[in-house]
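*Asks:* Here it is, the structure in full.
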Amino acid sequence: MTNLKYLVPNSCTALSLVLGLASVALSASGRFEDAAWLILWGVLLDKLDGGFARMLDASSEFGAEMDSFADFVVFGIAPSALAFFSLTDGVVDPGEGVIAGACAAYALAVGIRLARFNVSEPEGSKWVFFGVPTTLVGGILGSGWLTAQAYDFMDTFNACLPVALVVFGGLMVSNVRIPKFSLRWSKPVNAFQIVNMGLVYILVPLKLYPEYLLFLGSFYLLFGLTWGALYADAAQAEEQSAT
């Protein structure tokens with residue numbers, strides 16, 4: 001019976017991996033909207049498996065390795081496939097090699113980031129992310145594609161997408177610091193987190209308002225990068241002195 005508790009978070013991880021593979025298949029068949037929504041489903045499941053693992057005290061090395069495999073598929077391969085197939089229709093001529101290269105660089109960056117933190121985590125990683133997390137980037141890319149489609153600026157989005165893939169790849173493997181939001185902040189920030197987390201778990205299954213999901217992801221990224229640049233050193237020093 002004790003081992004059954006591991007089934008809950010690991011099932012979420014397994015489902016996330018399967019949905020990531022499905023997203024790749026949908027992109028290959030030209031169903032880009034469905035592929036993008038499945039990436040966002042992966043974001044929800046990534047949060048659920050970690051939450052269930054902590055709630056049930058069901059963390060394990062197996063679960064951690066499975067989570068990395070799932071993250072690589074959902075937030076590495078699936079966004080790359082979405083970008084590649086939507087930009088090239090699956091055919092790469094000499095002029096479109098840059099697109100393939102950008103997609104490959106992005107997927108490679110995701111793999112490097114996940115492998116890096118499987119080996120060791122820097123001091124202070126309990127409170128901050130070192131490098132932009134793959135979940136956040138995958139969510140921004142998926143919701144960004146859906147928003148561009150909904151508001152008819154796909155041409156502009158497509159023109160910027162290869163550059164965005166390379167930039168996001170660099171941010172993921174960098175040492176920029178972004179705070180991990182948890183219920184340790186002020187009451188207004190905690191309320192903001194809880195309300196928006198609830199909204200996300202409603203909007204994604206209903207396939208509604210991808211622009212709001214893009215806003216949340218972009219806001220967190222910009223706020224996190226700004227906070228990391230201005231306050232991360234002071235916060236880390238305060239935590240070290242407290243321990």
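Within each chain, counting starts at residue 1; across the structure tokens, chains are named A, B, ... in the order shown, with ligands numbered 1 upward in that order.
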Give the alpha helix (DSSP H) residues of stretch 105-165 of chain A, as DSSP finds them on the backbone, and put them as JSON, numbers by chain.

*Replies:* {"A": [105, 106, 107, 108, 109, 110, 111, 112, 113, 114, 115, 116, 117, 118, 119, 134, 135, 136, 137, 138, 139, 140, 141, 142, 143, 144, 145, 146, 147, 148, 149, 150, 154, 155, 156, 157, 158, 159, 160, 161, 162, 163, 164, 165]}

*Asks:* Emit the selected residues as a short mmCIF file (atom, residue, chain, number, x, y, z; two decimals), in the first residue's frame, including N, CA and C atoms.

*Replies:*
```cif
data_model
loop_
_atom_site.label_atom_id
_atom_site.label_comp_id
_atom_site.auth_asym_id
_atom_site.auth_seq_id
_atom_site.Cartn_x
_atom_site.Cartn_y
_atom_site.Cartn_z
N ALA A 105 18.95 23.98 -31.55
CA ALA A 105 19.64 24.66 -30.46
C ALA A 105 18.75 24.76 -29.23
N TYR A 106 17.48 25.05 -29.45
CA TYR A 106 16.54 25.14 -28.33
C TYR A 106 16.39 23.80 -27.62
N ALA A 107 16.15 22.72 -28.39
CA ALA A 107 16.00 21.40 -27.78
C ALA A 107 17.26 20.99 -27.05
N LEU A 108 18.42 21.29 -27.62
CA LEU A 108 19.68 20.96 -26.97
C LEU A 108 19.83 21.70 -25.65
N ALA A 109 19.43 22.98 -25.62
CA ALA A 109 19.51 23.76 -24.39
C ALA A 109 18.63 23.17 -23.30
N VAL A 110 17.43 22.70 -23.67
CA VAL A 110 16.55 22.06 -22.69
C VAL A 110 17.22 20.82 -22.12
N GLY A 111 17.81 19.99 -22.99
CA GLY A 111 18.48 18.79 -22.53
C GLY A 111 19.65 19.10 -21.62
N ILE A 112 20.44 20.12 -21.97
CA ILE A 112 21.58 20.50 -21.14
C ILE A 112 21.12 20.99 -19.78
N ARG A 113 20.08 21.81 -19.76
CA ARG A 113 19.58 22.32 -18.48
C ARG A 113 19.12 21.19 -17.57
N LEU A 114 18.34 20.27 -18.11
CA LEU A 114 17.81 19.17 -17.29
C LEU A 114 18.93 18.27 -16.81
N ALA A 115 19.89 17.97 -17.68
CA ALA A 115 21.01 17.12 -17.26
C ALA A 115 21.85 17.82 -16.20
N ARG A 116 22.03 19.11 -16.35
CA ARG A 116 22.83 19.88 -15.39
C ARG A 116 22.25 19.78 -13.99
N PHE A 117 20.96 19.96 -13.86
CA PHE A 117 20.36 19.97 -12.53
C PHE A 117 20.03 18.57 -12.03
N ASN A 118 20.12 17.56 -12.89
CA ASN A 118 20.05 16.19 -12.41
C ASN A 118 21.32 15.81 -11.68
N VAL A 119 22.44 16.39 -12.10
CA VAL A 119 23.73 16.07 -11.49
C VAL A 119 23.89 16.78 -10.16
N THR A 134 12.40 25.36 -17.76
CA THR A 134 11.86 24.88 -19.03
C THR A 134 10.33 24.95 -19.06
N THR A 135 9.70 24.72 -17.91
CA THR A 135 8.24 24.77 -17.86
C THR A 135 7.73 26.15 -18.26
N LEU A 136 8.36 27.19 -17.76
CA LEU A 136 7.96 28.56 -18.07
C LEU A 136 8.14 28.85 -19.55
N VAL A 137 9.28 28.46 -20.09
CA VAL A 137 9.55 28.74 -21.51
C VAL A 137 8.57 27.98 -22.40
N GLY A 138 8.32 26.71 -22.08
CA GLY A 138 7.36 25.95 -22.87
C GLY A 138 5.98 26.57 -22.83
N GLY A 139 5.57 27.04 -21.66
CA GLY A 139 4.27 27.70 -21.53
C GLY A 139 4.18 28.98 -22.33
N ILE A 140 5.25 29.76 -22.33
CA ILE A 140 5.26 31.01 -23.10
C ILE A 140 5.20 30.73 -24.60
N LEU A 141 5.96 29.75 -25.06
CA LEU A 141 5.96 29.43 -26.49
C LEU A 141 4.60 28.89 -26.94
N GLY A 142 4.02 27.99 -26.14
CA GLY A 142 2.71 27.44 -26.51
C GLY A 142 1.62 28.49 -26.51
N SER A 143 1.54 29.28 -25.43
CA SER A 143 0.51 30.32 -25.36
C SER A 143 0.79 31.45 -26.35
N GLY A 144 2.07 31.69 -26.64
CA GLY A 144 2.42 32.71 -27.62
C GLY A 144 1.93 32.35 -29.01
N TRP A 145 2.11 31.08 -29.39
CA TRP A 145 1.63 30.63 -30.70
C TRP A 145 0.11 30.77 -30.79
N LEU A 146 -0.58 30.35 -29.74
CA LEU A 146 -2.04 30.42 -29.75
C LEU A 146 -2.54 31.86 -29.77
N THR A 147 -1.87 32.74 -29.06
CA THR A 147 -2.25 34.15 -29.04
C THR A 147 -2.03 34.79 -30.40
N ALA A 148 -0.90 34.47 -31.04
CA ALA A 148 -0.62 35.01 -32.37
C ALA A 148 -1.68 34.56 -33.37
N GLN A 149 -2.11 33.32 -33.25
CA GLN A 149 -3.15 32.82 -34.14
C GLN A 149 -4.48 33.52 -33.87
N ALA A 150 -4.81 33.69 -32.59
CA ALA A 150 -6.11 34.28 -32.22
C ALA A 150 -6.21 35.74 -32.65
N MET A 154 0.35 36.20 -36.80
CA MET A 154 1.19 35.03 -36.94
C MET A 154 2.44 35.30 -37.77
N ASP A 155 2.33 36.17 -38.79
CA ASP A 155 3.50 36.47 -39.62
C ASP A 155 4.60 37.11 -38.78
N THR A 156 4.22 38.05 -37.93
CA THR A 156 5.21 38.69 -37.06
C THR A 156 5.77 37.70 -36.06
N PHE A 157 4.90 36.88 -35.48
CA PHE A 157 5.34 35.87 -34.51
C PHE A 157 6.32 34.90 -35.16
N ASN A 158 6.00 34.42 -36.36
CA ASN A 158 6.86 33.47 -37.05
C ASN A 158 8.22 34.08 -37.38
N ALA A 159 8.22 35.37 -37.72
CA ALA A 159 9.49 36.03 -38.05
C ALA A 159 10.40 36.11 -36.82
N CYS A 160 9.80 36.25 -35.66
CA CYS A 160 10.58 36.39 -34.42
C CYS A 160 10.90 35.05 -33.77
N LEU A 161 10.17 33.99 -34.15
CA LEU A 161 10.27 32.72 -33.44
C LEU A 161 11.66 32.10 -33.43
N PRO A 162 12.39 32.03 -34.56
CA PRO A 162 13.74 31.44 -34.50
C PRO A 162 14.66 32.17 -33.53
N VAL A 163 14.59 33.49 -33.53
CA VAL A 163 15.42 34.27 -32.60
C VAL A 163 15.00 33.99 -31.16
N ALA A 164 13.67 33.92 -30.93
CA ALA A 164 13.17 33.65 -29.59
C ALA A 164 13.64 32.29 -29.08
N LEU A 165 13.67 31.29 -29.96
CA LEU A 165 14.13 29.97 -29.55
C LEU A 165 15.57 30.00 -29.07
#
```

*Asks:* Tell me which protein, DNA and RNA residues are within 8 Å of A:Phe130, counting only C-alpha atoms, leaving out same-chain ones fewer than 4 positions away, and put them as a VMD selection string.

*Replies:* chain A and resid 122 125 174 to 178

*Asks:* Could you check which of A:Ala36, A:Leu4, A:Phe84, A:Pro179 is closest to A:Pro210, using only C-alpha atoms?

*Replies:*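 Looking at the shortest contact to A:Pro210, the residue is A:Ala36.
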
*Asks:* Can you work out the spacing between atom CA of A:Leu199 and atom CA of A:Leu44 in Å, to one decimal?

*Replies:*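 Taking atom CA of A:Leu199 and atom CA of A:Leu44, their separation equals 11.4 Å.
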
*Asks:* Could you check which of A:Pro79, A:Lys126, A:Asp152, A:Thr88 is closest to A:Gly169, using only C-alpha atoms?

*Replies:*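 Nearest to A:Gly169: A:Pro79.
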
*Asks:* List the neighbours of A:Leu21 out to 8 Å using only C-alpha atoms; skip same-chain residues closer than 2 positions along the sequence, and give me the result as number ranges by chain.

*Replies:* A: 17-19, 23-25, 73-74, 78

*Asks:* Name all residues at most 8 Å from A:Ala53 (count only C-alpha atoms; drop same-chain ones fewer than 6 positions away) and give them as a PyMOL selection string.

*Replies:* chain A and resi 6+8-9+59

*Asks:* Just list the residues in stretch 48-241 of chain A DSSP gives strand (DSSP E) on the backbone, as a PyMOL selection string.

*Replies:* chain A and resi 128-130+177-179

*Asks:* Which residues come within 10 Å of A:Asn196, counting only C-alpha atoms, excluding same-chain residues fewer than 4 positions away, as an mmCIF file with N, CA and C atoms, in the first residue's frame?

*Replies:*
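Dumped everything to part24.cif:
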```
data_model
loop_
_atom_site.group_PDB
_atom_site.id
_atom_site.type_symbol
_atom_site.label_atom_id
_atom_site.label_comp_id
_atom_site.auth_asym_id
_atom_site.auth_seq_id
_atom_site.Cartn_x
_atom_site.Cartn_y
_atom_site.Cartn_z
ATOM 1 N N ALA A 191 -2.250 35.591 -2.500
ATOM 2 C CA ALA A 191 -3.595 35.580 -3.076
ATOM 3 C C ALA A 191 -3.531 35.635 -4.600
ATOM 4 N N PHE A 192 -2.631 36.461 -5.135
ATOM 5 C CA PHE A 192 -2.453 36.564 -6.584
ATOM 6 C C PHE A 192 -2.058 35.211 -7.168
ATOM 7 N N VAL A 200 -5.695 29.223 -14.291
ATOM 8 C CA VAL A 200 -4.945 28.471 -15.299
ATOM 9 C C VAL A 200 -5.499 27.057 -15.440
ATOM 10 N N TYR A 201 -5.834 26.428 -14.310
ATOM 11 C CA TYR A 201 -6.345 25.058 -14.354
ATOM 12 C C TYR A 201 -7.785 25.002 -14.890
ATOM 13 N N ILE A 202 -8.410 26.141 -15.023
ATOM 14 C CA ILE A 202 -9.727 26.198 -15.662
ATOM 15 C C ILE A 202 -9.596 26.532 -17.144
ATOM 16 N N TYR A 212 -4.172 35.472 -21.935
ATOM 17 C CA TYR A 212 -4.000 35.657 -20.493
ATOM 18 C C TYR A 212 -2.893 34.754 -19.964
ATOM 19 N N LEU A 213 -2.822 33.545 -20.497
ATOM 20 C CA LEU A 213 -1.756 32.631 -20.107
ATOM 21 C C LEU A 213 -0.401 33.186 -20.545
ATOM 22 N N LEU A 216 0.570 35.969 -18.101
ATOM 23 C CA LEU A 216 1.077 35.465 -16.830
ATOM 24 C C LEU A 216 2.520 34.980 -16.966
#
```

*Asks:* For the atom pair atom CA of A:Gly20 and atom CA of A:Phe223, what is the interatomic distance in Å to one decimal place?

*Replies:*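 For atom CA of A:Gly20 relative to atom CA of A:Phe223, the distance reads 28.0 Å.
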
*Asks:* Interatomic distance between atom CA of A:Ala81 and atom CA of A:Gly101?

*Replies:* 12.1 Å
